[in-house]
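Shown next: model13.cif, containing mmCIF, C-alpha atoms.
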data_target
loop_
_atom_site.label_atom_id
_atom_site.label_comp_id
_atom_site.auth_asym_id
_atom_site.auth_seq_id
_atom_site.Cartn_x
_atom_site.Cartn_y
_atom_site.Cartn_z
CA MET A 1 8.32 -37.46 30.06
CA PRO A 2 5.82 -34.62 29.60
CA ALA A 3 3.44 -34.05 32.46
CA LYS A 4 0.02 -35.64 32.14
CA LEU A 5 -3.00 -33.35 31.86
CA PRO A 6 -5.33 -33.33 34.87
CA CYS A 7 -8.23 -35.69 34.57
CA ILE A 8 -10.72 -32.79 34.80
CA TYR A 9 -10.36 -32.29 31.02
CA MET A 10 -13.68 -33.29 29.44
CA GLY A 11 -13.27 -31.97 25.89
CA ASP A 12 -13.66 -28.25 26.57
CA PRO A 13 -10.92 -26.01 25.13
CA PHE A 14 -7.91 -24.80 27.11
CA PHE A 15 -7.54 -20.99 27.12
CA HIS A 16 -4.23 -19.13 26.94
CA GLU A 17 -3.61 -15.40 26.64
CA VAL A 18 -1.06 -14.50 23.95
CA THR A 19 0.47 -11.61 22.09
CA LEU A 20 -0.41 -12.30 18.47
CA GLN A 21 1.57 -9.44 16.97
CA ARG A 22 3.68 -6.45 17.95
CA LEU A 23 2.47 -3.22 16.33
CA GLY A 24 4.08 0.10 15.47
CA THR A 25 7.35 -1.62 14.58
CA TYR A 26 9.27 -3.00 11.59
CA LEU A 27 9.57 -6.75 11.01
CA PRO A 28 11.82 -8.42 8.41
CA TYR A 29 10.31 -10.29 5.46
CA GLY A 30 13.19 -11.48 3.29
CA ASP A 31 15.00 -8.40 2.04
CA THR A 32 12.10 -6.12 3.01
CA GLU A 33 11.34 -4.38 6.30
CA VAL A 34 7.57 -4.08 6.83
CA PHE A 35 6.04 -1.55 9.23
CA PHE A 36 3.03 -2.95 11.13
CA SER A 37 0.71 0.06 11.27
CA PRO A 38 -1.43 -0.03 14.45
CA GLU A 39 -4.41 1.52 12.64
CA SER A 40 -4.52 -1.46 10.25
CA PHE A 41 -5.19 -3.80 13.19
CA ARG A 42 -7.82 -1.72 15.04
CA ASP A 43 -10.73 -3.84 13.86
CA THR A 44 -10.00 -6.72 16.22
CA ARG A 45 -13.35 -8.36 15.48
CA VAL A 46 -11.91 -9.89 12.31
CA TRP A 47 -9.83 -12.27 14.46
CA GLU A 48 -12.82 -13.88 16.17
CA ASN A 49 -12.89 -17.67 15.48
CA ILE A 50 -9.84 -17.52 13.20
CA PRO A 51 -8.48 -21.12 13.22
CA LEU A 52 -5.39 -22.31 15.05
CA ILE A 53 -3.27 -24.69 12.98
CA TYR A 54 -0.51 -26.85 14.46
CA ALA A 55 2.28 -27.77 12.02
CA GLU A 56 4.96 -30.45 12.24
CA PRO A 57 8.29 -29.68 10.50
CA LYS A 58 8.56 -30.94 6.93
CA ASP A 59 11.93 -31.27 5.16
CA ASP A 60 13.52 -29.78 8.27
CA ALA A 61 11.51 -26.54 7.92
CA ILE A 62 8.20 -25.02 8.93
CA SER A 63 5.89 -22.98 6.69
CA HIS A 64 2.38 -21.56 6.62
CA PRO A 65 -0.33 -23.40 4.68
CA ASP A 66 -1.96 -21.84 1.64
CA PHE A 67 -4.90 -19.64 2.60
CA ALA A 68 -7.19 -21.66 0.31
CA SER A 69 -6.32 -24.93 2.07
CA VAL A 70 -7.33 -23.32 5.37
CA THR A 71 -10.66 -21.95 4.14
CA THR A 72 -11.55 -25.25 2.43
CA GLY A 73 -10.39 -27.34 5.39
CA HIS A 74 -7.93 -29.42 3.34
CA LEU A 75 -4.65 -29.01 5.20
CA PRO A 76 -1.36 -30.73 4.30
CA GLU A 77 -0.61 -34.01 6.10
CA ASN A 78 1.80 -32.37 8.54
CA MET A 79 -0.83 -29.89 9.80
CA ARG A 80 -4.10 -30.03 11.75
CA PHE A 81 -6.71 -27.69 13.22
CA VAL A 82 -6.27 -27.37 17.01
CA GLY A 83 -8.62 -24.54 18.07
CA HIS A 84 -9.49 -20.92 17.37
CA VAL A 85 -8.78 -17.31 18.32
CA TYR A 86 -11.04 -15.72 20.91
CA GLY A 87 -11.44 -12.14 22.20
CA ALA A 88 -8.66 -10.27 20.36
CA TYR A 89 -8.01 -6.70 21.50
CA ILE A 90 -5.33 -3.98 21.56
CA PRO A 91 -4.31 -3.02 25.14
CA GLN A 92 -4.20 0.68 25.97
CA GLU A 93 -1.16 0.36 28.19
CA GLY A 94 2.39 -0.67 27.31
CA GLN A 95 3.89 -1.09 23.87
CA PRO A 96 1.47 -1.33 20.91
CA ARG A 97 0.45 -4.96 20.41
CA LEU A 98 -2.41 -7.21 19.40
CA THR A 99 -3.38 -9.68 22.12
CA ALA A 100 -5.98 -12.46 22.22
CA THR A 101 -7.05 -15.63 23.94
CA LEU A 102 -6.34 -18.91 22.14
CA ALA A 103 -8.86 -21.70 22.69
CA ILE A 104 -6.85 -24.92 22.22
CA THR A 105 -8.76 -28.15 21.68
CA ASP A 106 -5.82 -30.51 21.10
CA VAL A 107 -4.44 -32.27 24.22
CA LYS A 108 -0.98 -32.92 22.75
CA VAL A 109 -0.57 -29.27 21.75
CA GLU A 110 -1.77 -28.22 25.21
CA GLU A 111 0.96 -30.38 26.77
CA LEU A 112 3.60 -28.56 24.69
CA VAL A 113 2.11 -25.17 25.59
CA ARG A 114 2.33 -25.93 29.31
CA GLN A 115 5.97 -26.87 28.83
CA GLY A 116 6.63 -23.49 27.15
CA ARG A 117 7.64 -25.14 23.88
CA VAL A 118 5.04 -23.68 21.47
CA GLY A 119 5.63 -20.67 19.23
CA LEU A 120 3.08 -18.84 17.10
CA SER A 121 2.89 -16.87 13.86
CA THR A 122 -0.01 -14.92 12.37
CA ALA A 123 -1.09 -15.15 8.73
CA PHE A 124 -3.20 -12.40 7.14
CA ALA A 125 -3.77 -10.60 3.87
CA SER A 126 -2.97 -6.90 3.66
CA ALA A 127 -2.07 -4.09 1.28
CA GLU A 128 1.37 -2.51 1.48
CA LEU A 129 2.76 0.86 0.48
CA GLU A 130 6.42 1.07 -0.57
CA LEU A 131 8.00 3.87 1.48
CA SER A 132 11.48 3.42 0.02
CA GLU A 133 13.58 0.64 -1.45
CA GLY A 134 13.27 -2.37 0.86
CA VAL A 135 10.89 -0.57 3.27
CA ASN A 136 7.08 -1.10 3.12
CA ARG A 137 4.15 -0.09 5.32
CA ILE A 138 0.93 -2.04 5.88
CA ILE A 139 -2.06 0.11 4.90
CA GLY A 140 -5.81 -0.47 5.11
CA THR A 141 -7.48 -3.11 7.26
CA ILE A 142 -5.85 -6.55 7.42
CA LEU A 143 -7.79 -9.78 6.82
CA PRO A 144 -6.53 -12.70 8.99
CA ASN A 145 -6.58 -16.29 7.71
CA HIS A 146 -5.08 -18.39 10.53
CA VAL A 147 -2.58 -18.54 13.40
CA LEU A 148 0.17 -21.13 13.06
CA LEU A 149 1.39 -23.00 16.15
CA PHE A 150 4.58 -25.09 16.17
CA GLU A 151 7.19 -26.54 18.49
CA GLN A 152 10.01 -24.06 18.91
CA GLY A 153 13.44 -25.43 18.04
CA ALA A 154 12.05 -28.48 16.22
CA CYS A 155 13.69 -27.22 13.01
CA PRO A 156 16.15 -24.41 12.08
CA ASN A 157 13.37 -21.89 11.33
CA CYS A 158 10.92 -23.11 13.98
CA TYR A 159 10.87 -19.77 15.75
CA PRO A 160 8.47 -16.80 15.53
CA ARG A 161 9.39 -14.04 13.10
CA ASP A 162 8.08 -11.60 15.73
CA ASN A 163 9.94 -12.26 18.97
CA GLY A 164 7.15 -10.45 20.82
CA ALA A 165 4.57 -13.05 19.78
CA LEU A 166 4.30 -15.41 22.76
CA PHE A 167 2.14 -17.18 25.32
CA PHE A 168 1.64 -15.51 28.70
CA ASN A 169 -0.01 -18.12 30.86
CA THR A 170 1.06 -21.72 30.32
CA MET A 171 -1.09 -23.06 33.13
CA GLU A 172 -4.78 -23.74 32.65
CA THR A 173 -6.60 -20.94 34.46
CA ASP A 174 -9.96 -20.62 32.74
CA LYS A 175 -11.28 -24.11 33.45
CA MET A 176 -13.43 -24.71 36.49
CA PRO A 177 -13.31 -27.97 38.44
CA GLU A 178 -16.11 -30.35 37.72
CA THR A 179 -17.18 -29.95 41.36
CA GLU A 180 -18.07 -26.30 40.70
CA ASP A 181 -21.87 -25.94 40.92
CA ASN A 182 -23.90 -24.90 37.90
CA GLU A 183 -25.12 -21.67 39.52
CA THR A 184 -21.55 -20.44 40.01
CA LYS A 185 -20.69 -21.37 36.44
CA GLY A 186 -23.70 -19.40 35.20
CA ILE A 187 -22.72 -16.29 37.18
CA LEU A 188 -19.14 -16.41 35.93
CA LYS A 189 -20.29 -16.86 32.34
CA SER A 190 -22.62 -13.86 32.68
CA ILE A 191 -19.79 -11.71 34.01
CA LYS A 192 -17.54 -12.86 31.19
CA ALA A 193 -20.22 -12.04 28.59
CA LEU A 194 -20.71 -8.57 30.08
CA LEU A 195 -16.99 -7.85 29.88
CA GLU A 196 -16.92 -9.05 26.29
CA ASN A 197 -19.81 -6.73 25.35
CA MET A 198 -18.05 -3.78 26.97
CA LYS A 199 -14.87 -4.64 25.09
CA ALA A 200 -16.82 -4.92 21.79
CA GLU A 201 -18.45 -1.49 22.29
CA LYS A 202 -15.06 0.06 22.98
CA THR A 203 -13.63 -1.60 19.88
CA LEU A 204 -16.47 -0.23 17.72
CA GLN A 205 -15.81 3.30 18.99
CA GLU A 206 -12.08 2.94 18.31
CA THR A 207 -12.79 1.58 14.83
CA LYS A 208 -15.07 4.54 14.00
CA GLU A 209 -12.41 7.00 15.17
CA ALA A 210 -9.80 5.21 13.07
CA GLU A 211 -12.08 5.28 10.00
CA ASP A 212 -12.70 9.01 10.46
CA ALA A 213 -8.97 9.66 10.73
CA HIS A 214 -8.35 7.49 7.67
CA SER A 215 -10.97 9.42 5.65
CA ALA A 216 -9.36 12.73 6.64
CA GLU A 217 -5.95 11.41 5.63
CA ILE A 218 -7.29 10.31 2.22
CA ALA A 219 -8.90 13.73 1.65
CA GLN A 220 -5.62 15.45 2.49
CA LEU A 221 -3.71 13.18 0.09
CA LYS A 222 -6.22 13.95 -2.70
CA ASN A 223 -5.78 17.69 -2.14
CA THR A 224 -1.99 17.30 -2.25
CA ILE A 225 -2.22 15.31 -5.48
CA SER A 226 -4.50 17.95 -7.04
CA GLU A 227 -2.05 20.70 -6.09
CA LEU A 228 0.88 18.78 -7.57
CA GLU A 229 -1.05 18.10 -10.78
CA ALA A 230 -1.89 21.80 -11.09
CA LYS A 231 1.79 22.76 -10.60
CA LEU A 232 2.87 20.22 -13.23
CA ALA A 233 0.28 21.57 -15.66
CA ASP A 234 1.50 25.15 -15.07
CA ALA A 235 5.11 24.07 -15.60
CA GLU A 236 4.23 22.25 -18.83
CA ASN A 237 2.25 25.26 -20.12
CA ALA A 238 5.19 27.55 -19.31
CA ARG A 239 7.57 25.22 -21.17
CA LEU A 240 5.34 25.12 -24.24
CA GLN A 241 4.92 28.91 -24.17
CA THR A 242 8.71 29.34 -24.05
CA GLU A 243 9.05 27.07 -27.08
CA ARG A 244 6.40 29.06 -28.94
CA ASP A 245 8.09 32.37 -28.05
CA ASN A 246 11.51 31.13 -29.18
CA ALA A 247 10.09 29.81 -32.43
CA TRP A 248 8.31 33.09 -33.20
CA ASN A 249 11.28 35.26 -32.28
CA THR A 250 13.46 33.19 -34.59
CA ILE A 251 11.15 33.35 -37.64
CA ARG A 252 10.16 36.96 -36.98
CA ALA A 253 13.40 38.18 -38.55
CA ASN A 254 12.21 36.76 -41.88
CA VAL A 255 8.71 38.24 -41.71
CA PRO A 256 7.99 41.30 -43.90
CA GLU A 257 7.71 44.59 -42.03
CA GLY A 258 4.18 45.01 -43.31
CA TRP A 259 3.14 41.86 -41.43
CA LEU A 260 4.39 43.21 -38.09
CA GLY A 261 3.41 46.23 -36.02
CA ALA A 262 -0.35 46.29 -35.60
CA LYS A 263 -0.63 43.04 -37.61
CA GLU A 264 1.97 41.08 -35.62
CA GLY A 265 -0.63 39.38 -33.42
CA GLU A 266 -2.57 38.21 -36.47
CA THR A 267 0.63 37.08 -38.23
CA ARG A 268 1.86 35.12 -35.20
CA LYS A 269 -1.54 33.47 -34.75
CA LEU A 270 -1.40 32.23 -38.36
CA PHE A 271 2.20 31.01 -37.85
CA GLU A 272 1.31 29.01 -34.73
CA ASN A 273 -2.04 27.60 -35.93
CA ASP A 274 -1.58 27.03 -39.67
CA LYS A 275 2.08 26.88 -40.66
CA ASP A 276 1.31 25.56 -44.16
CA LEU A 277 -0.72 28.67 -45.03
CA PHE A 278 1.81 30.93 -43.26
CA TYR A 279 4.75 29.64 -45.34
CA LYS A 280 2.66 29.64 -48.52
CA ASN A 281 1.85 33.31 -47.99
CA LEU A 282 5.47 34.07 -47.10
CA MET A 283 6.79 32.31 -50.21
CA GLU A 284 4.31 34.15 -52.44
CA HIS A 285 5.29 37.46 -50.86
CA ASN A 286 9.00 36.78 -51.34
CA ASN A 287 8.48 35.64 -54.95
CA THR A 288 6.53 38.81 -55.71
CA TYR A 289 9.13 40.93 -53.96
CA ALA A 290 11.99 39.22 -55.79
CA ALA A 291 10.25 39.63 -59.15
CA GLY A 292 9.85 43.36 -58.51
CA ILE A 293 13.52 43.79 -57.65
CA LYS A 294 14.58 41.86 -60.76
CA ALA A 295 12.41 44.13 -62.91
CA GLU A 296 14.30 47.12 -61.55
CA GLY A 297 17.63 45.53 -62.57
CA CYS A 298 18.63 44.08 -59.19
CA GLY A 299 19.77 40.81 -60.68
CA CYS A 300 18.38 38.82 -57.67
CA SER A 301 16.61 35.54 -58.47
CA THR A 302 13.50 33.99 -56.95
CA GLN A 303 15.43 30.76 -56.36
CA ASP A 304 18.02 32.64 -54.29
CA LYS A 305 15.35 34.13 -52.06
CA GLU A 306 13.62 30.76 -51.56
CA ALA A 307 16.92 29.07 -50.75
CA GLN A 308 17.74 31.78 -48.23
CA LEU A 309 14.34 31.37 -46.56
CA ARG A 310 14.75 27.58 -46.34
CA ASN A 311 18.18 28.03 -44.75
CA ASN A 312 16.70 30.45 -42.20
CA ILE A 313 13.95 27.96 -41.36
CA LYS A 314 16.44 25.10 -40.87
CA GLU A 315 18.64 27.28 -38.69
CA SER A 316 15.60 28.23 -36.59
CA GLU A 317 14.70 24.56 -36.11
CA LYS A 318 18.23 23.79 -34.90
CA LYS A 319 18.18 26.62 -32.35
CA THR A 320 14.73 26.03 -30.93
CA GLY A 321 14.15 22.32 -31.45
CA TYR A 322 10.74 23.31 -32.82
CA SER A 323 9.68 21.99 -36.22
CA PHE A 324 8.05 24.45 -38.60
CA ALA A 325 6.83 21.69 -40.94
#
Output the structure of this file as structure tokens.
Amino acid sequence: MPAKLPCIYMGDPFFHEVTLQRLGTYLPYGDTEVFFSPESFRDTRVWENIPLIYAEPKDDAISHPDFASVTTGHLPENMRFVGHVYGAYIPQEGQPRLTATLAITDVKVEELVRQGRVGLSTAFASAELELSEGVNRIIGTILPNHVLLFEQGACPNCYPRDNGALFFNTMETDKMPETEDNETKGILKSIKALLENMKAEKTLQETKEAEDAHSAEIAQLKNTISELEAKLADAENARLQTERDNAWNTIRANVPEGWLGAKEGETRKLFENDKDLFYKNLMEHNNTYAAGIKAEGCGCSTQDKEAQLRNNIKESEKKTGYSFA
């Protein structure tokens, strides 16, 4: 039989220090490994008064409630509110982790906690960046919704995903006997409030430093993106210029000598900007030239010259991939 709670309990919550989440490590989510970035959890104030929800197994499994059911207070039948999170912070010593005090208001859950049978799991919204296939990283500030409590081993998956998420003290240490005088209680509460204020000021300073670092990181990423865009633009311009050069060098062999030399720049500009007019002028020139040769007894026909020019154009298009139409 589970041990009975001491009769000093008068409805005040029971306090237990816990590790809510390991940080700076990868945790599995299905086929994906997610990196829990410490900077995303620096604003520990967002955990204040986040609800604790105790869940009974359903269909031999345990699962988190929908966020909307938590915020509206309409939990499934196998779940109930049993307290809230209090005084979350990130310790400076040891491995990176998010710790907090849980204020438990449910006697039955408290019995299980004291027996070391309760596990916990955090639920929060966050943005993720895909680092590689199957590997993501949490970015930005997370937004917690609730902390799920459950009896470990009550179902096949009734265990924390993060094996570092656990209760430290399973004995009630924060309650004072009813015989404690009111003056002593007042002094202890004042000390506790002072420590909380000091912790809050330290958290604000850490948050500001994290925001400054985040802003610098964003600025650096923007500069990198701008540099890459400029390099891509240069590469694209170089590719287009190569195509233009190849196209001109191919058609240049069919351009009259009188259009080259000092006039080559003007001729090329017309070729690249108004191909219809360029070919019209070229056809007229060739027709005139062919007519002059025929008058001198050459025997060449205008049709032959036009056919030869069309063949040259088609051959140029095949070599360069550039359409002269």
Inset, instruction - Identify which of the residues A:Trp259, A:Phe67, A:Phe167, A:Phe41 lies closest to A:Ala123, counting only C-alpha atoms when measuring atom-to-atom distances. - result: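 Residue with the minimum atom-to-atom distance to A:Ala123: A:Phe67.
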Legend entry - Ref. answer, residues at most 12 Å from (5.6, -17.0, 21.2) with only C-alpha atoms, as a ChimeraX atom specification: /A:16-22,99,113,116-122,147-153,158-170
Inset, instruction - Choose the residue, out of A:Thr288, A:Thr105, A:Gln95, A:Thr250, that has the smallest atom-to-atom separation from A:Gly83; count only C-alpha atoms. - result: A:Thr105
Legend entry - Result set, the PyMOL selection byres ((chain A and resi 134-140) around 6) on current file, as a VMD selection string: chain A and resid 32 to 37 40 127 to 133 141
Keeping only C-alpha atoms, write the selected residues to a file as a PDB file, keeping the file's coordinate frame.
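What follows is the written file part-v2.pdb:
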ATOM      1  CA  THR A  32      12.100  -6.120   3.010  1.00  0.00           C
ATOM      2  CA  GLU A  33      11.340  -4.380   6.300  1.00  0.00           C
ATOM      3  CA  VAL A  34       7.570  -4.080   6.830  1.00  0.00           C
ATOM      4  CA  PHE A  35       6.040  -1.550   9.230  1.00  0.00           C
ATOM      5  CA  PHE A  36       3.030  -2.950  11.130  1.00  0.00           C
ATOM      6  CA  SER A  37       0.710   0.060  11.270  1.00  0.00           C
ATOM      7  CA  SER A  40      -4.520  -1.460  10.250  1.00  0.00           C
ATOM      8  CA  ALA A 127      -2.070  -4.090   1.280  1.00  0.00           C
ATOM      9  CA  GLU A 128       1.370  -2.510   1.480  1.00  0.00           C
ATOM     10  CA  LEU A 129       2.760   0.860   0.480  1.00  0.00           C
ATOM     11  CA  GLU A 130       6.420   1.070  -0.570  1.00  0.00           C
ATOM     12  CA  LEU A 131       8.000   3.870   1.480  1.00  0.00           C
ATOM     13  CA  SER A 132      11.480   3.420   0.020  1.00  0.00           C
ATOM     14  CA  GLU A 133      13.580   0.640  -1.450  1.00  0.00           C
ATOM     15  CA  THR A 141      -7.480  -3.110   7.260  1.00  0.00           C
TER      16      THR A 141
END
Inset, instruction - Apply the PyMOL selection byres ((chain A and resi 48-59) around 7) to the structure shown and report the selected residues as a ChimeraX atom specification. - result: /A:45-47,60-62,78-88,145-150,154-155
Legend entry - Coordinates-based distance that separates atom CA of A:Thr44 from atom CA of A:Tyr89 (Å, one decimal):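 Here the two named atoms are 5.6 Å from each other.
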Inset, instruction - Measure the distance from atom CA of A:Phe271 to atom CA of A:Trp248 in Å and round it to one decimal. - result: 8.0 Å
Inset, instruction - Using only C-alpha atoms, pick whichever of A:Glu272, A:Asp212, A:Glu206, A:Glu227 has the shortest atom-to-atom distance to A:Arg42. - result: A:Glu206
Legend entry - Computed interatomic separation between atom CA of A:Leu282 and atom CA of A:Asn254 (Å):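 Separation between atom CA of A:Leu282 and atom CA of A:Asn254: 8.9 Å.
Among A:Glu39, A:Glu77, A:Glu110, A:Asp66, the residue with the shortest atom-to-atom distance to A:Ala125, counting only C-alpha atoms, is A:Asp66.
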Quick one: 6 Å padding each side, axis-aligned, all listed atoms of stretch 59-71 of chain A - centre and edge lengths in Å to one decimal, as AutoDock Vina command-line options?
--center_x 1.4 --center_y -25.5 --center_z 4.6 --size_x 36.2 --size_y 23.6 --size_z 20.6
Legend entry - Nearest-residue call for A:Asn286, choices A:Ala219, A:Glu229, A:Val255, A:Gln92, using all atoms listed in the file: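 Selected residue with least distance to A:Asn286: A:Val255.
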Inset, instruction - Using all atoms listed in the file, find the one residue out of A:Arg114, A:Ala68, A:Thr101, A:Asp43 that sits nearest to A:Glu209. - result: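 Once distances to A:Glu209 are computed over all atoms listed in the file, the minimum belongs to A:Asp43.
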Inset, instruction - Give me the result of the PyMOL selection byres ((chain A and resi 13) around 7) on this file, residue by residue, as a ChimeraX atom specification. - result: /A:11-12,14-15,103-105
